[in-house]
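Q: Structure: final22.txt, compact mmCIF, C-alpha atoms (C1' of nucleotides).
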# COMPACT_ATOMS: atom_id res chain seq x y z
CA MET A 629 85.49 62.27 90.22
CA LEU A 630 85.00 65.91 89.42
CA ASN A 631 84.29 65.27 85.75
CA THR A 632 81.42 63.01 86.74
CA ILE A 633 79.84 65.76 88.79
CA ILE A 634 80.24 68.32 86.04
CA ALA A 635 78.88 65.91 83.47
CA LYS A 636 75.79 65.13 85.52
CA ASN A 637 75.15 68.76 86.36
CA LEU A 638 75.50 69.95 82.81
CA LYS A 639 73.27 67.22 81.46
CA GLN A 640 70.69 67.87 84.14
CA PHE A 641 70.56 71.61 83.58
CA ARG A 642 70.38 71.19 79.84
CA ARG A 643 67.67 68.55 80.01
CA SER A 644 65.58 70.50 82.51
CA ARG A 645 65.58 73.42 80.10
CA GLN A 646 64.86 71.07 77.22
CA TRP A 647 67.80 72.38 75.30
CA SER A 648 69.43 70.41 72.53
CA LEU A 649 73.20 70.36 72.28
CA ALA A 650 72.86 72.80 69.40
CA LYS A 651 70.74 75.16 71.49
CA ALA A 652 73.15 74.91 74.40
CA ALA A 653 76.05 75.56 72.06
CA ALA A 654 74.34 78.67 70.77
CA MET A 655 73.70 79.92 74.29
CA THR A 656 77.15 79.21 75.64
CA LYS A 657 79.32 79.75 72.55
CA VAL A 658 80.86 76.36 73.23
CA SER A 659 80.72 73.86 70.39
CA LYS A 660 78.10 71.17 70.76
CA ALA A 661 80.75 68.53 70.15
CA MET A 662 82.59 69.76 73.22
CA LEU A 663 79.43 69.95 75.28
CA GLY A 664 78.65 66.36 74.31
CA GLN A 665 82.15 65.24 75.25
CA ILE A 666 81.89 66.92 78.63
CA GLU A 667 78.55 65.25 79.30
CA ARG A 668 80.07 61.90 78.31
CA GLN A 669 83.10 62.60 80.48
CA GLU A 670 85.37 62.36 77.49
CA SER A 671 86.89 65.74 78.15
CA SER A 672 88.13 67.71 81.16
CA PRO A 673 87.00 71.22 80.36
CA THR A 674 89.02 74.37 80.78
CA ILE A 675 87.90 76.79 83.44
CA ALA A 676 87.30 79.31 80.65
CA THR A 677 84.95 76.88 78.94
CA LEU A 678 83.16 76.12 82.18
CA TRP A 679 82.74 79.84 82.62
CA LYS A 680 81.15 80.21 79.22
CA ILE A 681 78.81 77.34 79.99
CA ALA A 682 77.78 78.82 83.34
CA LYS A 683 77.23 82.19 81.73
CA GLY A 684 75.15 80.70 78.94
CA PHE A 685 72.97 78.91 81.47
CA HIS A 686 72.77 82.00 83.69
CA LEU A 687 74.17 80.04 86.59
CA PRO A 688 76.94 80.73 89.08
CA LEU A 689 79.96 78.71 88.13
CA SER A 690 80.08 76.91 91.44
CA VAL A 691 76.89 74.95 90.92
CA LEU A 692 78.52 73.16 88.02
CA ILE A 693 81.32 71.82 90.14
CA GLU A 694 79.29 70.92 93.19
CA PRO A 695 77.57 67.58 93.63
CA CYS A 696 73.92 67.85 92.76
CA ALA A 697 72.31 68.55 96.11
CA LEU A 698 68.78 69.80 96.49
CA ARG A 699 69.24 71.79 93.34
CA SER A 700 67.06 69.51 91.19
CA ASP A 701 65.72 71.89 88.62
CA SER A 702 62.14 70.74 88.68
CA LEU A 703 61.49 69.25 92.08
CA ALA A 704 59.72 70.93 94.90
CA THR A 705 60.93 70.37 98.44
CA ALA A 706 58.58 70.87 101.31
CA SER A 707 59.38 70.81 105.00
CA HIS A 708 56.72 70.20 107.58
CA GLU A 709 58.94 68.99 110.35
CA GLN A 710 59.18 71.46 113.18
CA THR A 711 62.73 70.55 114.10
CA ILE A 712 63.06 72.94 116.99
CA CYS A 713 66.49 73.47 118.39
CA LEU A 714 67.06 74.95 121.80
CA ASP A 715 69.58 77.58 122.61
CA SER A 716 70.36 79.28 125.90
CA ASP A 717 68.24 82.31 125.19
CA LEU A 718 66.38 81.73 121.98
CA GLN A 719 64.74 78.90 120.11
CA PHE A 720 65.01 78.50 116.40
CA ARG A 721 64.20 76.13 113.61
CA VAL A 722 65.31 75.83 110.04
CA LEU A 723 62.86 76.99 107.39
CA PHE A 724 65.23 76.55 104.45
CA SER A 725 68.65 75.05 104.95
CA PHE A 726 71.60 76.45 103.08
CA ASP A 727 71.43 76.02 99.33
CA PRO A 728 74.65 76.39 97.33
CA LEU A 729 72.77 77.71 94.33
CA LEU A 730 70.86 80.42 96.13
CA CYS A 731 73.56 80.95 98.75
CA CYS A 732 71.10 81.64 101.49
CA GLU A 733 69.39 80.01 104.42
CA MET A 734 66.34 80.89 106.47
CA PHE A 735 65.36 80.42 110.07
CA SER A 736 62.47 81.07 112.39
CA HIS A 737 63.34 82.40 115.80
CA GLN A 738 61.46 82.65 119.05
CA LEU A 739 62.82 84.98 121.69
CA GLN A 740 61.37 85.16 125.18
CA PRO A 741 60.75 88.47 127.02
CA ASP A 742 63.77 90.12 128.64
CA ARG A 743 66.11 88.00 126.61
CA THR A 744 69.03 89.22 124.58
CA HIS A 745 71.04 87.31 122.01
CA LEU A 746 74.28 88.68 120.61
CA SER A 747 75.75 87.38 117.39
CA LYS A 748 79.30 87.70 116.22
CA ALA A 749 80.12 89.11 112.80
CA HIS A 750 79.49 86.73 109.94
CA GLU A 751 81.68 86.29 106.91
CA LEU A 752 82.43 89.40 104.88
CA GLY A 753 79.61 90.39 102.58
CA VAL A 754 76.89 88.51 104.40
CA ILE A 755 73.53 90.27 104.39
CA GLU A 756 70.76 89.45 106.82
CA ASP A 757 67.02 90.02 106.56
CA ILE A 758 64.66 90.19 109.51
CA ILE A 759 60.89 89.79 109.28
CA VAL A 760 58.99 90.15 112.52
CA ILE A 761 56.01 87.82 112.63
CA SER A 762 54.60 88.64 116.03
CA GLY A 763 55.62 90.58 119.11
CA GLU A 764 58.23 93.30 119.31
CA LEU A 765 61.90 92.95 118.59
CA GLU A 766 64.90 95.16 118.98
CA ILE A 767 67.89 94.76 116.68
CA LEU A 768 71.37 95.95 117.51
CA VAL A 769 73.04 97.12 114.36
CA ASP A 770 75.68 99.80 113.90
CA GLU A 771 75.91 100.32 117.67
CA SER A 772 72.26 101.23 118.08
CA TRP A 773 69.06 99.38 118.84
CA GLN A 774 66.16 99.56 116.40
CA LEU A 775 62.63 98.68 117.35
CA LEU A 776 60.62 96.45 115.04
CA SER A 777 56.98 95.46 115.43
CA ALA A 778 55.00 92.68 113.81
CA GLY A 779 55.16 93.03 110.04
CA ASP A 780 58.28 95.18 110.07
CA THR A 781 61.37 94.19 108.18
CA LEU A 782 65.03 95.05 108.41
CA ARG A 783 67.95 94.37 106.09
CA PHE A 784 71.51 94.92 107.27
CA SER A 785 75.10 93.89 106.70
CA ALA A 786 75.80 91.03 109.06
CA ASP A 787 79.56 91.06 108.73
CA LYS A 788 79.87 92.86 112.02
CA ASN A 789 78.59 92.22 115.51
CA HIS A 790 74.85 92.49 115.93
CA GLY A 791 72.18 91.42 118.37
CA TYR A 792 68.54 90.71 119.09
CA ARG A 793 66.58 91.46 122.24
CA ASN A 794 63.01 91.31 123.40
CA ILE A 795 61.97 94.05 125.81
CA GLY A 796 58.26 93.42 125.31
CA LYS A 797 55.93 91.44 127.51
CA LYS A 798 55.20 88.53 125.21
CA GLU A 799 57.49 86.36 123.17
CA VAL A 800 58.57 87.59 119.77
CA ILE A 801 58.67 85.42 116.68
CA PHE A 802 60.74 86.51 113.73
CA HIS A 803 62.21 85.04 110.60
CA ASN A 804 65.61 85.79 109.27
CA ILE A 805 67.38 85.11 106.01
CA ILE A 806 71.13 84.94 105.73
CA HIS A 807 72.37 85.84 102.27
CA TYR A 808 75.93 84.67 101.69
CA PRO A 809 77.94 86.40 98.98
CA LYS A 810 77.53 84.70 95.63
CA ILE A 811 80.45 83.36 93.76
CA VAL A 812 82.15 85.13 90.89
CA THR A 813 80.92 88.24 89.32
CA CYS A 814 83.81 89.16 87.16
CA HIS A 815 84.32 92.42 85.41
CA MET B 1099 88.46 88.23 83.88
CA LEU B 1100 88.30 84.95 85.68
CA ASN B 1101 91.94 84.15 85.02
CA THR B 1102 92.89 87.33 86.85
CA ILE B 1103 91.02 86.21 89.93
CA ILE B 1104 92.55 82.75 89.86
CA ALA B 1105 96.01 84.18 89.29
CA LYS B 1106 95.76 86.56 92.23
CA ASN B 1107 94.31 83.94 94.53
CA LEU B 1108 96.91 81.34 93.68
CA LYS B 1109 99.77 83.77 94.08
CA GLN B 1110 98.35 85.02 97.36
CA PHE B 1111 97.87 81.57 98.82
CA ARG B 1112 101.31 80.47 97.74
CA ARG B 1113 103.00 83.58 99.06
CA SER B 1114 101.16 83.44 102.37
CA ARG B 1115 102.57 79.95 102.89
CA GLN B 1116 105.96 81.05 101.68
CA TRP B 1117 106.00 78.28 99.12
CA SER B 1118 108.24 78.41 96.11
CA LEU B 1119 106.90 77.27 92.77
CA ALA B 1120 108.88 74.06 93.26
CA LYS B 1121 107.32 73.47 96.66
CA ALA B 1122 103.85 74.19 95.31
CA ALA B 1123 104.48 71.86 92.40
CA ALA B 1124 105.47 69.11 94.80
CA MET B 1125 102.35 69.63 96.88
CA THR B 1126 99.92 69.84 93.99
CA LYS B 1127 101.53 67.50 91.46
CA VAL B 1128 101.24 70.30 88.94
CA SER B 1129 104.45 71.35 87.22
CA LYS B 1130 105.93 74.58 88.48
CA ALA B 1131 106.08 75.87 84.92
CA MET B 1132 102.31 75.55 84.69
CA LEU B 1133 101.81 77.12 88.11
CA GLY B 1134 103.95 80.04 87.01
CA GLN B 1135 101.96 80.43 83.80
CA ILE B 1136 98.69 80.43 85.70
CA GLU B 1137 99.97 83.09 88.07
CA ARG B 1138 101.10 85.17 85.10
CA GLN B 1139 97.73 84.59 83.37
CA GLU B 1140 99.45 82.94 80.46
CA SER B 1141 97.32 79.86 80.72
CA SER B 1142 93.68 79.04 81.35
CA PRO B 1143 93.90 75.98 83.54
CA THR B 1144 91.83 72.86 83.21
CA ILE B 1145 89.30 72.19 85.91
CA ALA B 1146 91.24 69.04 86.71
CA THR B 1147 94.39 71.08 87.26
CA LEU B 1148 92.56 73.58 89.42
CA TRP B 1149 91.30 70.65 91.42
CA LYS B 1150 94.82 69.34 91.98
CA ILE B 1151 95.93 72.80 93.05
CA ALA B 1152 93.05 73.16 95.50
CA LYS B 1153 93.79 69.73 96.95
CA GLY B 1154 97.48 70.48 97.28
CA PHE B 1155 96.71 73.67 99.15
CA HIS B 1156 94.03 71.94 101.22
CA LEU B 1157 91.45 74.44 100.05
CA PRO B 1158 87.95 74.12 98.65
CA LEU B 1159 88.03 74.66 94.93
CA SER B 1160 85.60 77.54 95.12
CA VAL B 1161 87.95 79.89 96.95
CA LEU B 1162 90.25 79.86 93.95
CA ILE B 1163 87.57 81.27 91.70
CA GLU B 1164 86.11 83.74 94.16
CA PRO B 1165 87.18 87.35 94.09
CA CYS B 1166 89.35 87.86 97.15
CA ALA B 1167 87.64 90.92 98.62
CA LEU B 1168 83.97 91.64 98.98
CA ARG B 1169 82.97 95.07 100.11
CA SER B 1170 80.28 95.63 102.67
CA ASP B 1171 78.10 98.69 102.76
CA SER B 1172 77.22 99.25 106.37
CA LEU B 1173 73.74 100.58 105.91
CA ALA B 1174 70.66 99.02 107.35
CA THR B 1175 67.30 99.56 105.70
CA ALA B 1176 64.11 99.10 107.63
CA SER B 1177 60.57 99.19 106.32
CA HIS B 1178 57.65 99.83 108.61
CA GLU B 1179 55.19 101.03 106.02
CA GLN B 1180 52.43 98.56 105.35
CA THR B 1181 52.07 99.41 101.66
CA ILE B 1182 49.21 97.08 100.96
CA CYS B 1183 48.27 96.52 97.37
CA LEU B 1184 44.97 95.05 96.32
CA ASP B 1185 44.50 92.40 93.71
CA SER B 1186 41.39 90.68 92.46
CA ASP B 1187 41.76 87.65 94.67
CA LEU B 1188 44.65 88.22 96.96
CA GLN B 1189 46.26 91.06 98.85
CA PHE B 1190 49.97 91.46 99.13
CA ARG B 1191 52.60 93.86 100.32
CA VAL B 1192 56.29 94.14 99.71
CA LEU B 1193 58.57 92.99 102.50
CA PHE B 1194 61.82 93.43 100.56
CA SER B 1195 61.77 94.93 97.11
CA PHE B 1196 64.00 93.53 94.42
CA ASP B 1197 67.69 93.95 95.11
CA PRO B 1198 70.06 93.63 92.15
CA LEU B 1199 72.83 92.36 94.38
CA LEU B 1200 70.84 89.61 96.03
CA CYS B 1201 68.58 89.09 93.01
CA CYS B 1202 65.56 88.36 95.13
CA GLU B 1203 62.42 89.97 96.44
CA MET B 1204 59.99 89.09 99.20
CA PHE B 1205 56.27 89.55 99.67
CA SER B 1206 53.59 88.90 102.23
CA HIS B 1207 50.33 87.56 100.86
CA GLN B 1208 46.85 87.33 102.28
CA LEU B 1209 44.42 85.00 100.54
CA GLN B 1210 40.77 84.79 101.50
CA PRO B 1211 38.88 81.47 101.85
CA ASP B 1212 37.72 79.80 98.63
CA ARG B 1213 40.02 81.94 96.58
CA THR B 1214 42.44 80.70 93.99
CA HIS B 1215 45.26 82.61 92.35
CA LEU B 1216 47.11 81.21 89.36
CA SER B 1217 50.51 82.50 88.36
CA LYS B 1218 52.17 82.15 84.99
CA ALA B 1219 55.64 80.75 84.67
CA HIS B 1220 58.34 83.15 85.70
CA GLU B 1221 61.62 83.64 83.95
CA LEU B 1222 63.72 80.53 83.46
CA GLY B 1223 65.61 79.51 86.57
CA VAL B 1224 63.48 81.40 89.03
CA ILE B 1225 63.04 79.68 92.37
CA GLU B 1226 60.28 80.52 94.77
CA ASP B 1227 60.01 79.95 98.51
CA ILE B 1228 56.77 79.77 100.44
CA ILE B 1229 56.47 80.18 104.20
CA VAL B 1230 53.00 79.83 105.64
CA ILE B 1231 52.47 82.17 108.58
CA SER B 1232 48.89 81.31 109.50
CA GLY B 1233 45.99 79.38 108.04
CA GLU B 1234 46.16 76.66 105.46
CA LEU B 1235 47.39 77.02 101.91
CA GLU B 1236 47.43 74.78 98.88
CA ILE B 1237 50.13 75.18 96.26
CA LEU B 1238 49.79 73.96 92.69
CA VAL B 1239 53.17 72.78 91.51
CA ASP B 1240 54.03 70.07 89.00
CA GLU B 1241 50.34 69.52 88.22
CA SER B 1242 49.37 68.65 91.77
CA TRP B 1243 48.16 70.54 94.82
CA GLN B 1244 50.17 70.38 98.02
CA LEU B 1245 48.73 71.28 101.38
CA LEU B 1246 50.74 73.51 103.68
CA SER B 1247 49.85 74.49 107.22
CA ALA B 1248 51.16 77.28 109.40
CA GLY B 1249 54.91 76.94 109.78
CA ASP B 1250 55.33 74.79 106.69
CA THR B 1251 57.64 75.78 103.89
CA LEU B 1252 57.92 74.89 100.23
CA ARG B 1253 60.63 75.57 97.66
CA PHE B 1254 59.94 75.00 93.98
CA SER B 1255 61.00 76.00 90.50
CA ALA B 1256 58.75 78.87 89.47
CA ASP B 1257 59.63 78.80 85.79
CA LYS B 1258 56.43 76.98 85.06
CA ASN B 1259 52.79 77.63 85.83
CA HIS B 1260 51.83 77.39 89.48
CA GLY B 1261 49.04 78.49 91.76
CA TYR B 1262 47.81 79.21 95.26
CA ARG B 1263 44.42 78.47 96.76
CA ASN B 1264 42.77 78.64 100.13
CA ILE B 1265 40.23 75.90 100.82
CA GLY B 1266 40.20 76.53 104.55
CA LYS B 1267 37.70 78.55 106.55
CA LYS B 1268 39.89 81.45 107.60
CA GLU B 1269 42.22 83.61 105.61
CA VAL B 1270 45.75 82.39 105.03
CA ILE B 1271 48.83 84.55 105.36
CA PHE B 1272 52.03 83.45 103.74
CA HIS B 1273 55.34 84.94 102.71
CA ASN B 1274 57.12 84.18 99.52
CA ILE B 1275 60.58 84.88 98.21
CA ILE B 1276 61.37 85.05 94.52
CA HIS B 1277 64.97 84.16 93.74
CA TYR B 1278 65.97 85.33 90.29
CA PRO B 1279 68.96 83.69 88.63
CA LYS B 1280 72.11 85.69 89.12
CA ILE B 1281 73.24 86.93 85.76
CA VAL B 1282 76.94 87.23 85.39
CA THR B 1283 78.84 89.21 82.83
CA CYS B 1284 82.43 88.81 81.85
CA HIS B 1285 84.71 90.33 79.28
C1' DA C 555 135.50 87.22 93.04
C1' DA C 556 133.95 82.50 92.60
C1' DT C 557 130.84 79.00 94.03
C1' DT C 558 126.53 77.15 95.41
C1' DA C 559 121.64 77.18 96.27
C1' DT C 560 117.17 78.75 95.18
C1' DT C 561 114.31 81.62 92.88
C1' DG C 562 111.20 82.16 88.58
C1' DT C 563 111.01 82.02 83.38
C1' DG C 564 111.79 80.36 78.47
C1' DC C 565 111.87 76.43 75.16
C1' DG C 566 110.58 72.21 72.79
C1' DC C 567 107.63 68.37 72.95
C1' DT C 568 103.39 65.65 73.79
C1' DA C 569 98.66 65.16 75.15
C1' DT C 570 94.36 66.83 74.66
C1' DA C 571 90.84 70.61 74.72
C1' DA C 572 88.06 72.71 71.35
C1' DC C 573 86.60 73.55 66.88
C1' DG C 574 83.83 72.83 62.32
C1' DC C 575 81.93 69.58 59.54
C1' DA C 576 79.84 65.39 58.18
C1' DC C 577 77.36 61.45 59.27
C1' DA C 578 73.95 58.11 61.43
C1' DA C 579 69.98 57.42 64.20
C1' DT C 580 65.54 58.78 65.45
C1' DG C 581 61.32 60.81 64.77
C1' DA C 582 57.87 63.65 62.05
C1' DT C 583 55.37 64.91 57.96
C1' DA C 584 53.44 64.27 53.53
C1' DT D 917 57.00 54.53 51.26
C1' DA D 918 60.07 58.62 50.66
C1' DT D 919 61.46 63.12 52.51
C1' DC D 920 62.68 66.35 55.76
C1' DA D 921 64.06 67.96 60.26
C1' DT D 922 66.39 67.32 64.62
C1' DT D 923 68.73 64.64 67.60
C1' DG D 924 73.56 63.22 69.24
C1' DT D 925 78.16 61.23 67.90
C1' DG D 926 82.55 60.43 65.16
C1' DC D 927 86.48 62.41 62.52
C1' DG D 928 90.29 65.47 61.10
C1' DT D 929 92.45 69.75 62.22
C1' DT D 930 94.03 73.48 65.04
C1' DA D 931 94.98 75.66 69.38
C1' DT D 932 96.77 75.25 73.69
C1' DA D 933 97.24 73.04 78.36
C1' DG D 934 100.76 70.69 80.65
C1' DC D 935 105.11 68.43 81.01
C1' DG D 936 110.37 68.01 81.77
C1' DC D 937 114.44 70.29 81.25
C1' DA D 938 117.61 73.96 80.84
C1' DC D 939 118.75 78.56 81.67
C1' DA D 940 119.09 83.32 83.87
C1' DA D 941 118.57 86.18 87.81
C1' DT D 942 119.02 86.80 92.59
C1' DA D 943 120.89 86.01 96.93
C1' DA D 944 123.87 83.53 100.37
C1' DT D 945 127.71 81.03 101.12
C1' DT D 946 133.13 80.25 100.89
Mind converting the file's structure to structure tokens?
A:
Amino acid sequence: MLNTIIAKNLKQFRRSRQWSLAKAAAMTKVSKAMLGQIERQESSPTIATLWKIAKGFHLPLSVLIEPCALRSDSLATASHEQTICLDSDLQFRVLFSFDPLLCCEMFSHQLQPDRTHLSKAHELGVIEDIIVISGELEILVDESWQLLSAGDTLRFSADKNHGYRNIGKKEVIFHNIIHYPKIVTCH
Amino acid sequence: MLNTIIAKNLKQFRRSRQWSLAKAAAMTKVSKAMLGQIERQESSPTIATLWKIAKGFHLPLSVLIEPCALRSDSLATASHEQTICLDSDLQFRVLFSFDPLLCCEMFSHQLQPDRTHLSKAHELGVIEDIIVISGELEILVDESWQLLSAGDTLRFSADKNHGYRNIGKKEVIFHNIIHYPKIVTCH
DNA sequence: AATTATTGTGCGCTATAACGCACAATGATA
DNA sequence: TATCATTGTGCGTTATAGCGCACAATAATT
């Protein structure tokens, strides 16, 4: 049930900040009686109330209505596994899988010499970061190729076709971060 | 206003399917009077009602509360400069400076052997990512040290004291991303 | 023109979200 | 022990979400 998810999330966020109901009420401008009822699943809050709560907690609204994934406010998640996936022309592995709170994911790529990989446009508003770890990499963005060496970075809008190619002599390793547009900024 | 977004989205989805209010009411089990009020922004729906609407339209709930259009600036920014800054015990340079849209920044750090760097708690809700590029790194989080080797990653809540230390024999290079909580304003 | 659907909106009613306040339970201090 | 502060919950009231139904406006039939 949706109310269960909201209740758990709210309680978890409040507890992790060590806020009392009174403190949370002051931050969100929602009465502590109502906050208590929501946490006890005795009330199905209005979207306007949820909005005030999210705003008071400085959180995107969506994390309140999503099942508590890896969000856990205080836990650290480490990944040592080198889960390497093979593609036709490049190898990659997941550094950080998609997180609904941060709305981003991160990969490590390995592209062999004389290899090119083209990527279709992502969803509107997606921004991509490239960090070259070693080797030389060329990025196709806005119809032109840009050369990046080890240590170089590039940030571009990924909602149009783009590509990666390695015209060097040794393999290139680079990381990339995909930032998906965050939910709701209303004005 | 959030109600404006919901109203536009609902109306758009209904119109695109050429559903009447009666049809939409039948699909969602929400009275057509209420659907009409929501579209006219005369009512701030309950999260339970929004859920029924999303289900009836076979849509994820989040798309109802997302602004329909997200613009994309088509500029790519590259940084080649190696602006290295010196600190007492570790060197770092900026990979991506803080961006108000993404609310994150990224650094590359270089920590010499037998060096320890302690960091105070960041702002509430800040999440930090660590990606070890080379060498071995120990992270102090939740009162305990965790060992990371090249290729390992760690994500943790940075709103409490934490630290980095290098107990290996060669220098360690690691990247870190600071995710600041997205602050939303509404009126 | 008159009739018949089909559209969306207005009205009254009920259920409940949301409020402020008071209280009880727990812990902390003297 | 008594006193004070802080926790969360229960109660009575008000505001409003949500319902069914009826009506008005439009268009499409006869």
Q: Pull out every residue of chain B sitting within 7 Å of chain D, counting only C-alpha atoms (C1' of nucleotides), and send them as a list in words.
A: Ser1129, Met1132 and Pro1143 of chain B
Q: Any idea which chain A residues end up within 10 Å of chain C if we count only C-alpha atoms (C1' of nucleotides), as a PyMOL selection string please?
A: chain A and resi 658-663+671-674+677
Q: I'd like to know which of B:Ser1232, B:Thr1251, B:Asn1274, B:Gln1208 is closest to chain A, using all atoms listed in the file.
A: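 Ranking B:Ser1232, B:Thr1251, B:Asn1274, B:Gln1208 by distance to chain A, first place goes to B:Thr1251.
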Q: Go ahead and compute the interatomic distance for CA of Lys657 in chain A and CA of Ser690 in chain A, in Å to one decimal.
A: 19.1 Å
Q: For CA of Val760 in chain A and CA of Ser777 in chain A, determine how far apart the two atoms are, in Å to one decimal place.
A: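 CA of Val760 in chain A sits 6.4 Å away from CA of Ser777 in chain A.
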Q: Using only C-alpha atoms, which of the listed residues (A:Leu782, A:Leu689, A:Leu718, A:Met734) sits closest to chain B?
A: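 Looking only at the distances to chain B, the closest residue turns out to be A:Leu782.
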Q: For a test of reading the model, state the distance in Å between CA of Asn1259 in chain B and CA of Lys1218 in chain B, rounded to one decimal.
A: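 Value for the CA of Asn1259 in chain B-CA of Lys1218 in chain B distance: 4.6 Å.
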